[in-house]
>>> print(open('coords_18.txt').read())   # compact mmCIF, C-alpha atoms
# COMPACT_ATOMS: atom_id res chain seq x y z
CA MET E 1 -185.10 55.82 -21.85
CA ASP E 2 -188.00 55.17 -19.51
CA SER E 3 -187.30 58.40 -17.65
CA ILE E 4 -187.34 60.39 -20.94
CA ASN E 5 -190.72 58.89 -21.89
CA THR E 6 -192.06 59.70 -18.44
CA ILE E 7 -190.95 63.33 -18.75
CA GLN E 8 -192.56 63.59 -22.20
CA LYS E 9 -195.84 62.26 -20.78
CA LYS E 10 -195.75 64.80 -17.96
CA VAL E 11 -195.09 67.70 -20.32
CA SER E 12 -197.87 66.60 -22.67
CA LEU E 13 -200.30 66.25 -19.80
CA LEU E 14 -199.45 69.69 -18.40
CA LEU E 15 -199.85 71.32 -21.84
CA LEU E 16 -203.21 69.62 -22.31
CA SER E 17 -204.29 70.74 -18.85
CA PHE E 18 -203.33 74.33 -19.60
CA VAL E 19 -205.38 74.34 -22.80
CA LEU E 20 -208.46 72.88 -21.08
CA ILE E 21 -208.26 75.22 -18.07
CA HIS E 22 -207.67 78.29 -20.22
CA GLY E 23 -210.68 77.43 -22.35
CA LEU E 24 -212.96 77.03 -19.36
CA CYS E 25 -211.64 80.15 -17.63
CA SER E 26 -212.02 82.42 -20.64
CA ASP E 27 -215.63 83.23 -19.78
CA LEU E 28 -214.95 83.48 -16.03
CA ILE E 29 -212.86 86.63 -16.17
CA ALA E 30 -214.79 89.25 -14.16
CA LYS E 31 -212.99 92.43 -15.06
CA VAL E 32 -213.56 95.44 -12.81
CA GLU E 33 -215.96 97.68 -14.69
CA GLY E 34 -215.72 101.45 -14.54
CA ASP E 35 -213.01 104.08 -14.14
CA LEU E 36 -210.11 102.38 -12.36
CA ASP E 37 -208.50 105.75 -11.70
CA LEU E 38 -211.32 106.42 -9.23
CA LEU E 39 -209.98 103.57 -7.11
CA LYS E 40 -206.44 104.96 -7.10
CA LYS E 41 -207.58 108.54 -6.51
CA THR E 42 -209.80 107.61 -3.56
CA ALA E 43 -207.17 105.30 -2.05
CA THR E 44 -204.56 108.08 -2.19
CA MET E 45 -206.88 110.54 -0.44
CA ILE E 46 -207.73 108.03 2.31
CA LYS E 47 -204.08 107.16 2.92
CA GLU E 48 -202.94 110.80 3.06
CA ASN E 49 -205.73 111.76 5.48
CA LYS E 50 -204.97 108.86 7.80
CA GLU E 51 -201.21 109.38 7.73
CA SER E 52 -201.66 113.07 8.59
CA ILE E 53 -203.03 112.13 12.02
CA ARG E 54 -200.10 112.53 14.42
CA TYR E 55 -202.16 112.93 17.59
CA TRP E 56 -205.84 112.36 18.31
CA GLN E 57 -207.73 112.61 21.55
CA GLY E 58 -211.36 112.93 22.50
CA SER E 59 -214.30 111.16 24.07
CA ALA E 60 -217.28 109.10 22.94
CA LYS E 61 -220.66 107.77 24.03
CA ILE E 62 -221.52 104.24 22.92
CA GLU E 63 -224.90 102.53 22.89
CA ARG E 64 -225.59 98.90 22.02
CA LEU E 65 -229.05 97.47 21.50
CA TRP E 66 -230.31 93.92 20.95
CA GLU E 67 -233.78 93.60 19.45
CA GLU E 68 -236.01 90.68 18.53
CA ASN E 69 -239.18 91.24 16.52
CA GLY E 70 -239.17 94.93 17.40
CA ASN E 71 -238.64 94.46 21.15
CA ILE E 72 -235.45 95.60 22.85
CA THR E 73 -234.07 92.73 24.95
CA ARG E 74 -230.74 94.23 26.04
CA ARG E 75 -229.26 97.71 26.27
CA GLU E 76 -225.69 98.72 27.10
CA GLU E 77 -224.26 102.22 27.40
CA TYR E 78 -220.58 103.13 27.68
CA SER E 79 -218.44 106.25 28.03
CA ALA E 80 -214.92 106.39 26.65
CA GLU E 81 -211.94 108.72 26.62
CA PHE E 82 -209.13 108.03 24.17
CA TRP E 83 -205.64 109.12 23.14
CA PHE E 84 -203.59 108.24 20.03
CA SER E 85 -199.96 109.02 19.22
CA LYS E 86 -198.36 108.13 15.90
CA LYS E 87 -194.95 108.90 17.41
CA GLN E 88 -195.46 106.36 20.20
CA GLU E 89 -197.29 103.88 17.94
CA ALA E 90 -199.87 103.74 20.69
CA SER E 91 -203.57 104.08 21.40
CA ARG E 92 -204.94 104.29 24.94
CA TRP E 93 -208.52 104.42 26.18
CA SER E 94 -210.50 104.40 29.38
CA MET E 95 -214.03 103.00 29.32
CA SER E 96 -216.83 102.74 31.84
CA ASN E 97 -220.06 100.79 31.55
CA ASP E 98 -222.76 103.32 32.46
CA LYS E 99 -225.73 100.99 32.00
CA LEU E 100 -226.49 97.35 31.32
CA ASP E 101 -230.20 96.53 31.16
CA ILE E 102 -231.82 93.19 30.33
CA LEU E 103 -235.49 93.43 29.39
CA ASP E 104 -238.32 90.95 28.97
CA ASP E 105 -240.55 90.68 25.88
CA ALA E 106 -242.79 93.46 27.21
CA GLY E 107 -239.84 95.81 27.64
CA LYS E 108 -239.82 95.50 31.44
CA LEU E 109 -236.44 95.64 33.17
CA ILE E 110 -235.56 92.26 34.67
CA ALA E 111 -231.89 92.88 35.44
CA GLY E 112 -229.50 95.77 35.43
CA GLU E 113 -225.98 96.52 36.52
CA LYS E 114 -222.95 98.71 36.00
CA ARG E 115 -219.55 97.26 35.32
CA GLU E 116 -216.28 98.70 36.50
CA ARG E 117 -214.11 101.06 34.48
CA HIS E 118 -211.24 99.47 32.62
CA ASN E 119 -208.15 101.03 31.08
CA GLU E 120 -206.40 99.57 28.05
CA MET E 121 -203.54 100.45 25.71
CA LYS E 122 -202.04 99.23 22.46
CA ARG E 123 -198.39 100.07 22.15
CA GLY E 124 -195.84 98.47 19.86
CA ASN E 125 -196.69 94.78 19.66
CA ARG E 126 -198.35 94.55 23.08
CA PHE E 127 -201.87 95.03 24.43
CA TYR E 128 -202.18 96.12 28.08
CA ARG E 129 -205.37 95.80 30.14
CA TYR E 130 -205.67 97.22 33.66
CA LYS E 131 -208.89 96.60 35.57
CA ASN E 132 -210.41 95.04 38.67
CA TYR E 133 -210.03 91.29 38.36
CA TYR E 134 -210.51 89.67 41.74
CA THR E 135 -211.51 90.19 45.37
CA ILE E 136 -209.05 89.57 48.19
CA ASP E 137 -209.87 88.28 51.69
CA ASN E 138 -210.96 91.61 53.14
CA GLY E 139 -213.43 92.18 50.29
CA GLU E 140 -211.24 94.75 48.53
CA ARG E 141 -211.32 94.68 44.75
CA LYS E 142 -207.75 94.13 43.60
CA LYS E 143 -206.54 95.66 40.34
CA SER E 144 -204.03 93.94 38.10
CA LEU E 145 -202.32 94.40 34.76
CA THR E 146 -202.51 91.78 32.02
CA ILE E 147 -200.15 91.83 29.03
CA TRP E 148 -201.41 90.23 25.83
CA PRO E 149 -200.15 89.87 22.26
CA LEU E 150 -201.44 92.73 20.12
CA SER E 151 -203.87 90.36 18.38
CA GLU E 152 -205.93 90.22 21.59
CA ALA E 153 -206.84 93.87 21.00
CA ASP E 154 -208.47 93.10 17.66
CA GLN E 155 -211.62 95.14 17.69
CA SER E 156 -215.05 94.20 16.45
CA THR E 157 -218.39 95.88 16.80
CA TYR E 158 -219.13 93.92 19.97
CA THR E 159 -215.90 94.31 21.93
CA THR E 160 -215.24 96.91 24.61
CA THR E 161 -211.97 97.80 22.91
CA PHE E 162 -211.95 101.41 21.72
CA ASP E 163 -209.04 102.23 19.45
CA PRO E 164 -210.11 105.41 17.59
CA MET E 165 -208.07 104.43 14.52
CA TRP E 166 -210.33 101.37 14.09
CA TYR E 167 -213.12 103.72 13.01
CA LEU E 168 -211.04 104.78 9.99
CA THR E 169 -211.21 101.21 8.70
CA ASN E 170 -214.04 98.89 7.77
CA LYS E 171 -213.97 95.93 10.13
CA LYS E 172 -210.22 96.41 10.59
CA ARG E 173 -209.56 96.31 6.83
CA ASP E 174 -207.33 99.09 5.53
CA LEU E 175 -209.55 100.89 3.02
CA ALA E 176 -206.72 102.29 0.88
CA VAL E 177 -205.17 98.81 0.59
CA ARG E 178 -208.54 97.32 -0.38
CA LEU E 179 -209.10 99.88 -3.13
CA MET E 180 -205.61 99.42 -4.52
CA PHE E 181 -206.14 95.65 -4.51
CA TYR E 182 -209.02 96.07 -6.94
CA TYR E 183 -206.97 98.57 -8.94
CA HIS E 184 -204.05 96.17 -9.42
CA GLU E 185 -206.15 93.00 -9.71
CA ALA E 186 -208.76 94.40 -12.09
CA ASN E 187 -208.27 91.51 -14.54
CA ASN E 188 -207.93 88.77 -11.94
CA PRO E 189 -210.22 85.90 -13.02
CA GLU E 190 -210.94 85.02 -9.38
CA LEU E 191 -212.70 88.31 -8.71
CA SER E 192 -216.48 88.41 -8.62
CA ASP E 193 -218.38 91.04 -10.58
CA VAL E 194 -216.94 94.37 -9.47
CA LYS E 195 -218.04 97.84 -10.54
CA VAL E 196 -216.85 101.31 -9.63
CA TRP E 197 -218.57 104.56 -10.53
CA GLN E 198 -219.01 108.15 -9.39
CA GLU E 199 -222.14 110.07 -8.41
CA GLY E 200 -221.27 113.68 -7.63
CA ASP E 201 -218.80 113.60 -4.71
CA LEU E 202 -219.49 109.94 -4.06
CA VAL E 203 -217.44 107.01 -5.34
CA ILE E 204 -219.22 103.66 -5.14
CA LEU E 205 -217.42 100.31 -5.22
CA GLU E 206 -219.72 97.31 -5.51
CA ALA E 207 -218.85 93.64 -5.71
CA THR E 208 -221.53 91.02 -6.27
CA SER E 209 -221.65 87.24 -6.49
CA GLY E 210 -225.05 85.57 -6.76
CA ASP E 211 -227.18 87.08 -4.00
CA LEU E 212 -224.13 88.47 -2.16
CA ILE E 213 -223.57 92.23 -2.23
CA ASP E 214 -220.59 94.12 -0.86
CA ARG E 215 -220.89 97.90 -1.39
CA HIS E 216 -218.65 100.75 -0.20
CA THR E 217 -219.53 104.43 -0.67
CA PHE E 218 -216.75 107.00 -0.31
CA ASP E 219 -217.00 110.81 -0.19
CA ILE E 220 -214.14 112.49 -2.03
CA SER E 221 -215.19 115.88 -0.65
CA LYS E 222 -214.07 114.50 2.74
CA SER E 223 -210.71 113.08 1.67
CA GLY E 224 -212.28 109.86 0.42
CA ALA E 225 -213.87 109.02 3.77
CA LEU E 226 -216.05 105.90 3.86
CA ILE E 227 -219.60 107.07 4.62
CA GLN E 228 -221.51 103.82 4.11
CA TYR E 229 -220.94 100.11 3.84
CA ILE E 230 -223.68 97.62 2.99
CA GLY E 231 -223.17 93.87 3.09
CA ILE E 232 -225.98 91.52 2.08
CA GLY E 233 -225.65 87.77 2.19
CA GLY E 234 -228.05 84.96 3.00
CA LYS E 235 -230.32 86.06 5.83
CA ASN E 236 -228.11 88.94 7.01
CA ILE E 237 -228.15 92.63 6.08
CA GLU E 238 -225.30 94.70 7.48
CA ASP E 239 -225.41 98.50 7.31
CA ARG E 240 -222.62 100.79 8.55
CA ASN E 241 -222.77 104.59 8.35
CA TRP E 242 -220.23 107.29 9.25
CA SER E 243 -220.46 111.07 9.52
CA TYR E 244 -217.33 113.24 9.78
CA GLU E 245 -215.98 116.54 10.99
CA GLN E 246 -212.78 118.33 10.04
CA HIS E 247 -210.12 119.51 12.49
CA ASN E 248 -206.81 121.05 11.44
CA GLY E 249 -207.40 119.87 7.88
CA VAL E 250 -208.04 116.25 8.91
CA TRP E 251 -211.35 114.38 8.61
CA VAL E 252 -212.28 112.17 11.56
CA PRO E 253 -215.53 110.43 12.53
CA LYS E 254 -218.28 112.35 14.29
CA THR E 255 -220.72 109.43 14.44
CA PHE E 256 -220.68 105.74 13.59
CA PHE E 257 -223.93 103.76 13.34
CA TYR E 258 -224.06 100.02 12.73
CA THR E 259 -226.97 97.62 12.35
CA MET E 260 -227.06 93.92 11.61
CA GLU E 261 -230.48 92.53 10.72
CA THR E 262 -230.92 88.77 10.66
CA ILE E 263 -233.96 86.83 9.52
CA MET E 264 -234.37 84.08 12.06
CA LYS E 265 -234.84 80.45 11.11
CA TYR E 266 -238.39 80.20 12.46
CA GLY E 267 -239.55 83.63 11.34
CA GLY E 268 -239.15 87.10 12.75
CA THR E 269 -236.07 89.32 12.79
CA LYS E 270 -233.20 90.02 15.13
CA ILE E 271 -231.37 93.36 15.02
CA ASN E 272 -228.12 94.25 16.73
CA SER E 273 -227.15 97.90 16.64
CA TYR E 274 -224.14 99.90 17.78
CA LYS E 275 -224.01 103.69 17.92
CA VAL E 276 -220.95 105.80 18.64
CA ARG E 277 -221.02 109.58 19.06
CA PHE E 278 -217.62 111.24 19.22
CA ALA E 279 -217.07 114.47 21.15
CA ASN E 280 -214.19 116.85 21.85
CA ASN E 281 -212.12 115.60 18.91
CA GLN E 282 -208.67 117.21 19.02
CA ILE E 283 -206.38 116.51 16.11
CA ASN E 284 -202.60 117.03 16.02
CA GLU E 285 -202.50 118.83 19.33
CA THR E 286 -199.43 117.42 21.07
CA ILE E 287 -200.05 114.70 23.64
CA PRO E 288 -197.22 114.13 26.16
CA ASP E 289 -195.38 110.81 25.86
CA SER E 290 -196.23 110.20 29.52
CA GLU E 291 -199.85 109.56 28.49
CA PHE E 292 -198.69 106.24 27.05
CA GLU E 293 -196.84 104.87 30.06
CA LEU E 294 -198.26 102.13 32.29
CA GLU E 295 -198.78 104.70 35.04
CA SER E 296 -201.26 106.47 32.74
CA LEU E 297 -203.38 103.29 32.91
CA GLY E 298 -203.32 103.56 36.69
CA VAL E 299 -200.69 100.88 37.31
CA LYS E 300 -198.91 101.33 40.64
CA ASN E 301 -195.90 99.74 42.32
CA GLY E 302 -196.88 96.41 43.83
CA ASP E 303 -199.71 95.69 41.38
CA ASP E 304 -199.91 92.14 40.08
CA VAL E 305 -198.80 91.63 36.49
CA SER E 306 -199.84 88.61 34.42
CA ASP E 307 -197.73 88.33 31.29
CA THR E 308 -199.42 85.93 28.86
CA ILE E 309 -196.59 86.28 26.35
CA LEU E 310 -193.76 85.27 28.67
CA LYS E 311 -196.19 83.05 30.60
CA THR E 312 -195.27 84.34 34.03
CA GLY E 313 -196.54 86.56 36.80
CA TYR E 314 -194.79 89.17 38.93
CA TYR E 315 -195.26 92.46 40.71
CA TYR E 316 -194.86 95.79 38.99
CA GLU E 317 -191.87 97.63 40.42
CA GLY E 318 -191.85 100.84 38.41
CA LYS E 319 -190.94 101.83 34.90
CA ASP E 320 -187.24 101.90 35.73
CA ARG E 321 -187.41 98.10 35.59
CA PHE E 322 -190.00 97.88 32.83
CA ASP E 323 -189.26 98.78 29.22
CA LEU E 324 -192.43 99.17 27.15
CA ALA E 325 -190.46 98.57 23.98
CA ASN E 326 -189.39 95.19 25.38
CA PRO E 327 -191.58 94.52 28.43
CA SER E 328 -189.54 92.32 30.74
CA PHE E 329 -187.32 92.66 33.75
CA ASN E 330 -183.78 93.87 33.14
CA GLU E 331 -182.43 90.77 34.85
CA VAL E 332 -183.39 87.72 32.78
CA THR E 333 -182.25 84.25 33.76
CA LYS E 334 -182.12 81.41 31.25
CA ALA E 335 -182.70 77.69 31.61
CA THR E 336 -182.15 75.01 29.01
CA THR E 337 -185.63 73.49 29.28
CA PRO E 338 -188.93 74.82 30.65
CA PRO E 339 -190.56 73.10 33.59
CA LYS E 340 -193.16 70.57 32.46
CA THR E 341 -196.31 71.20 34.42
CA ASP E 342 -199.98 71.74 33.78
CA GLU E 343 -200.33 73.71 37.00
CA PRO E 344 -201.45 77.36 36.75
CA LEU E 345 -198.88 80.11 37.15
CA ALA E 346 -197.57 80.35 40.66
CA LYS E 347 -198.43 83.38 42.76
CA PRO E 348 -195.98 86.12 41.74
CA GLN E 349 -193.19 86.59 44.22
CA LYS E 350 -191.99 90.08 45.01
CA GLY E 351 -188.62 90.74 43.45
CA ALA E 352 -188.75 87.61 41.31
CA SER E 353 -187.07 87.75 37.93
CA LEU E 354 -188.46 86.49 34.65
CA GLN E 355 -187.31 83.24 33.11
CA VAL E 356 -186.91 82.83 29.38
CA TYR E 357 -186.51 79.22 28.34
CA GLU E 358 -184.46 77.97 25.43
CA THR E 359 -185.07 74.47 24.10
CA GLN E 360 -182.08 72.35 23.20
CA GLU E 361 -181.96 71.16 19.62
CA THR E 362 -179.66 68.45 18.26
CA GLU E 363 -178.57 68.10 14.66
CA PRO E 364 -179.90 64.95 12.94
CA SER E 365 -177.32 62.43 11.77
CA GLN E 366 -176.38 62.24 8.08
CA GLU E 367 -177.78 58.71 7.98
CA ALA E 368 -181.14 59.92 9.27
CA VAL E 369 -181.20 62.73 6.71
CA GLU E 370 -180.49 60.34 3.82
CA LYS E 371 -183.12 57.89 5.05
CA ASP E 372 -185.74 60.63 5.36
CA LYS E 373 -184.88 61.86 1.87
CA GLU E 374 -185.20 58.34 0.48
CA ASN E 375 -188.58 57.80 2.18
CA ASN E 376 -189.91 61.06 0.79
CA GLU E 377 -188.66 60.62 -2.79
CA PRO E 378 -191.70 60.86 -5.12
CA ASN E 379 -192.63 57.89 -7.31
CA ASP E 380 -192.97 58.92 -10.99
CA SER E 381 -195.92 56.68 -11.79
CA TYR E 382 -197.94 57.83 -8.81
CA LEU E 383 -197.00 61.45 -9.48
CA LEU E 384 -198.51 61.22 -12.96
CA TYR E 385 -201.79 59.90 -11.54
CA ILE E 386 -201.90 62.66 -8.92
CA ILE E 387 -201.39 65.41 -11.54
CA THR E 388 -204.15 63.94 -13.68
CA ALA E 389 -206.58 63.75 -10.73
CA ILE E 390 -205.87 67.36 -9.68
CA VAL E 391 -206.47 68.65 -13.22
CA LEU E 392 -209.75 66.73 -13.54
CA VAL E 393 -211.03 67.96 -10.18
CA PHE E 394 -210.14 71.53 -11.08
CA ILE E 395 -211.96 71.29 -14.42
CA ILE E 396 -215.08 69.87 -12.75
CA VAL E 397 -215.11 72.60 -10.09
CA LEU E 398 -214.78 75.32 -12.73
CA PHE E 399 -217.58 73.82 -14.77
CA PHE E 400 -220.12 73.62 -11.96
CA TYR E 401 -219.17 76.73 -9.98
CA LYS E 402 -218.05 79.29 -12.52
CA ARG E 403 -219.03 82.83 -11.66
CA LYS E 404 -219.88 81.80 -8.13
CA LEU E 405 -216.54 82.70 -6.61
CA LYS E 406 -216.38 84.56 -3.32
CA ILE E 407 -216.27 88.36 -3.20
>>> encode(input="coords_18.txt", output="structure tokens")
Amino acid sequence: MDSINTIQKKVSLLLLSFVLIHGLCSDLIAKVEGDLDLLKKTATMIKENKESIRYWQGSAKIERLWEENGNITRREEYSAEFWFSKKQEASRWSMSNDKLDILDDAGKLIAGEKRERHNEMKRGNRFYRYKNYYTIDNGERKKSLTIWPLSEADQSTYTTTFDPMWYLTNKKRDLAVRLMFYYHEANNPELSDVKVWQEGDLVILEATSGDLIDRHTFDISKSGALIQYIGIGGKNIEDRNWSYEQHNGVWVPKTFFYTMETIMKYGGTKINSYKVRFANNQINETIPDSEFELESLGVKNGDDVSDTILKTGYYYEGKDRFDLANPSFNEVTKATTPPKTDEPLAKPQKGASLQVYETQETEPSQEAVEKDKENNEPNDSYLLYIITAIVLVFIIVLFFYKRKLKI
């Protein structure tokens, strides 16, 4: 009887909670205003244009500037060559640092240097970096290959990574997916104020919340290409601009300009800018598969390899023993437990094989399972108090923060 009464209390409490929450949420629903079909139409154009890129190669010049109160304090210039293959699921690039200047407040050069060229590649679920890492006894700069998880290649405006496909996104976000999110979630009460409208060939998507602004401008005359993004929040103003050119029916970036202006705490402004100028864009002109092998990065037999995924080091002995789809030696030995040591990886030994470790797991006894289940069994009285507390907290949060949800 007691259990039936407890269940009735729970049901009554949940029904009451639903009524209260629904009443408070009724004026929070921030429906997307405007023609939703514009979102779907633009998303479709963006997706089709991107998916039509089978091959892409070209070059680019990159300039980065750091400014404070109108004075340039740092300048970097880079050159890049890049290759992309949809077939190989790979992007490869070679970058050199042509200039690195550090300036004083009067604009006078106080330091300058050039960094060495580095070659990198994303292929499958791996990121490969080949560059000069250390100096050996005779003063020679020794090159080595490092293998990272693909997440290490995540590009931002400040990295030296140069995947051309990144420039068809906005800060790595898939634009077609973002537009379709707003299309499908138009009545989601957790959305901030969102509007979509058209001005000539331009489709503007704007989301606002308090003093936060998030605005995308797309050009449907260029297959829905993103031509401007503005993000305003707090003391930061972010402005991104793209221009495009068409090759073989595909729109790809010609320029990309980025600025981030920050109002500093004690007055004045700080501006970081990033300018990319593409050149020699070639679209869907076949690129040989050999351009996406480790040898195309410059890797040679005998080069050191540091594999951060398998946590081991070895020497490269040619692609006949190295499968890019599953980068490891053909001969793999197994041990039941890994060695327990905090020492760094040992110097790779020529001809050494990789070790993949498997941990031993034992099944828990039935007695242990029952005891754990008993210890974790919820108490009805406490459960009722917890539900009540959660509902009250949720109601209070809605009351004080309604219409101040994140974009």
>>> closest_residue(input="coords_18.txt", among="E:Leu168, E:Leu205, E:Val305, E:Ile263", to="Asn241 of chain E", atoms="only C-alpha atoms")
E:Leu168
>>> closest_residue(input="coords_18.txt", among="E:Arg215, E:Lys31, E:Lys171, E:Arg123", to="Leu150 of chain E", atoms="all atoms listed in the file")
E:Arg123
>>> closest_residue(input="coords_18.txt", among="E:Arg75, E:Asn119, E:Tyr55, E:Lys86", to="Lys99 of chain E", atoms="all atoms listed in the file")
E:Arg75
>>> residues_around(input="coords_18.txt", residues="segment 174-185 of chain E", least_positions_apart="3", cutoff="7 Å", atoms="all atoms listed in the file", output="PDB file with C-alpha atoms, in the frame of the given file")
ATOM      1  CA  LEU E  36    -210.110 102.380 -12.360  1.00  0.00           C
ATOM      2  CA  LEU E  39    -209.980 103.570  -7.110  1.00  0.00           C
ATOM      3  CA  LYS E  40    -206.440 104.960  -7.100  1.00  0.00           C
ATOM      4  CA  ALA E  43    -207.170 105.300  -2.050  1.00  0.00           C
ATOM      5  CA  THR E  44    -204.560 108.080  -2.190  1.00  0.00           C
ATOM      6  CA  ILE E  46    -207.730 108.030   2.310  1.00  0.00           C
ATOM      7  CA  LYS E  47    -204.080 107.160   2.920  1.00  0.00           C
ATOM      8  CA  THR E 169    -211.210 101.210   8.700  1.00  0.00           C
ATOM      9  CA  ASN E 170    -214.040  98.890   7.770  1.00  0.00           C
ATOM     10  CA  ASN E 188    -207.930  88.770 -11.940  1.00  0.00           C
TER      11      ASN E 188
END
>>> residues_around(input="coords_18.txt", residues="Ser91 of chain E", least_positions_apart="5", cutoff="9 Å", atoms="all atoms listed in the file", output="list of chain:residue names")
E:Phe82, E:Trp83, E:Phe84, E:Ser85, E:Lys86, E:Glu120, E:Met121, E:Lys122, E:Arg123, E:Phe162, E:Asp163, E:Pro164, E:Met165, E:Phe292
>>> write_last_selection(input="coords_18.txt", atoms="C-alpha atoms", output="mmCIF file, in the frame of the given file")
data_model
loop_
_atom_site.group_PDB
_atom_site.id
_atom_site.type_symbol
_atom_site.label_atom_id
_atom_site.label_comp_id
_atom_site.auth_asym_id
_atom_site.auth_seq_id
_atom_site.Cartn_x
_atom_site.Cartn_y
_atom_site.Cartn_z
ATOM 1 C CA PHE E 82 -209.130 108.030 24.170
ATOM 2 C CA TRP E 83 -205.640 109.120 23.140
ATOM 3 C CA PHE E 84 -203.590 108.240 20.030
ATOM 4 C CA SER E 85 -199.960 109.020 19.220
ATOM 5 C CA LYS E 86 -198.360 108.130 15.900
ATOM 6 C CA GLU E 120 -206.400 99.570 28.050
ATOM 7 C CA MET E 121 -203.540 100.450 25.710
ATOM 8 C CA LYS E 122 -202.040 99.230 22.460
ATOM 9 C CA ARG E 123 -198.390 100.070 22.150
ATOM 10 C CA PHE E 162 -211.950 101.410 21.720
ATOM 11 C CA ASP E 163 -209.040 102.230 19.450
ATOM 12 C CA PRO E 164 -210.110 105.410 17.590
ATOM 13 C CA MET E 165 -208.070 104.430 14.520
ATOM 14 C CA PHE E 292 -198.690 106.240 27.050
#
>>> closest_residue(input="coords_18.txt", among="E:Ser52, E:Ser290, E:Asn187, E:Thr255", to="Tyr274 of chain E", atoms="all atoms listed in the file")
E:Thr255
>>> build_atoms(input="coords_18.txt", residues="segment 170-187 of chain E", atoms="N, CA and C atoms", output="mmCIF file, in the frame of the given file")
data_model
loop_
_atom_site.group_PDB
_atom_site.id
_atom_site.type_symbol
_atom_site.label_atom_id
_atom_site.label_comp_id
_atom_site.auth_asym_id
_atom_site.auth_seq_id
_atom_site.Cartn_x
_atom_site.Cartn_y
_atom_site.Cartn_z
ATOM 1 N N ASN E 170 -212.771 99.587 7.812
ATOM 2 C CA ASN E 170 -214.040 98.890 7.770
ATOM 3 C C ASN E 170 -213.808 97.469 8.266
ATOM 4 N N LYS E 171 -214.208 97.233 9.495
ATOM 5 C CA LYS E 171 -213.970 95.930 10.130
ATOM 6 C C LYS E 171 -212.488 95.567 10.115
ATOM 7 N N LYS E 172 -211.676 96.550 10.457
ATOM 8 C CA LYS E 172 -210.220 96.410 10.590
ATOM 9 C C LYS E 172 -209.484 96.382 9.246
ATOM 10 N N ARG E 173 -210.208 96.346 8.145
ATOM 11 C CA ARG E 173 -209.560 96.310 6.830
ATOM 12 C C ARG E 173 -209.102 97.715 6.439
ATOM 13 N N ASP E 174 -207.866 97.821 6.008
ATOM 14 C CA ASP E 174 -207.330 99.090 5.530
ATOM 15 C C ASP E 174 -208.020 99.435 4.210
ATOM 16 N N LEU E 175 -208.737 100.547 4.189
ATOM 17 C CA LEU E 175 -209.550 100.890 3.020
ATOM 18 C C LEU E 175 -208.692 101.224 1.803
ATOM 19 N N ALA E 176 -207.585 101.938 2.012
ATOM 20 C CA ALA E 176 -206.720 102.290 0.880
ATOM 21 C C ALA E 176 -206.130 101.022 0.258
ATOM 22 N N VAL E 177 -205.726 100.073 1.088
ATOM 23 C CA VAL E 177 -205.170 98.810 0.590
ATOM 24 C C VAL E 177 -206.234 98.046 -0.197
ATOM 25 N N ARG E 178 -207.466 98.042 0.302
ATOM 26 C CA ARG E 178 -208.540 97.320 -0.380
ATOM 27 C C ARG E 178 -208.813 97.917 -1.759
ATOM 28 N N LEU E 179 -208.856 99.232 -1.843
ATOM 29 C CA LEU E 179 -209.100 99.880 -3.130
ATOM 30 C C LEU E 179 -207.972 99.599 -4.118
ATOM 31 N N MET E 180 -206.739 99.666 -3.631
ATOM 32 C CA MET E 180 -205.610 99.420 -4.520
ATOM 33 C C MET E 180 -205.535 97.950 -4.934
ATOM 34 N N PHE E 181 -206.062 97.053 -4.109
ATOM 35 C CA PHE E 181 -206.140 95.650 -4.510
ATOM 36 C C PHE E 181 -206.988 95.522 -5.768
ATOM 37 N N TYR E 182 -208.156 96.138 -5.762
ATOM 38 C CA TYR E 182 -209.020 96.070 -6.940
ATOM 39 C C TYR E 182 -208.386 96.788 -8.134
ATOM 40 N N TYR E 183 -207.636 97.831 -7.854
ATOM 41 C CA TYR E 183 -206.970 98.570 -8.940
ATOM 42 C C TYR E 183 -205.930 97.683 -9.633
ATOM 43 N N HIS E 184 -205.126 96.993 -8.848
ATOM 44 C CA HIS E 184 -204.050 96.170 -9.420
ATOM 45 C C HIS E 184 -204.549 94.819 -9.928
ATOM 46 N N GLU E 185 -205.647 94.316 -9.341
ATOM 47 C CA GLU E 185 -206.150 93.000 -9.710
ATOM 48 C C GLU E 185 -207.406 93.090 -10.577
ATOM 49 N N ALA E 186 -207.535 94.167 -11.321
ATOM 50 C CA ALA E 186 -208.760 94.400 -12.090
ATOM 51 C C ALA E 186 -209.071 93.273 -13.068
ATOM 52 N N ASN E 187 -208.052 92.589 -13.565
ATOM 53 C CA ASN E 187 -208.270 91.510 -14.540
ATOM 54 C C ASN E 187 -208.085 90.124 -13.935
#
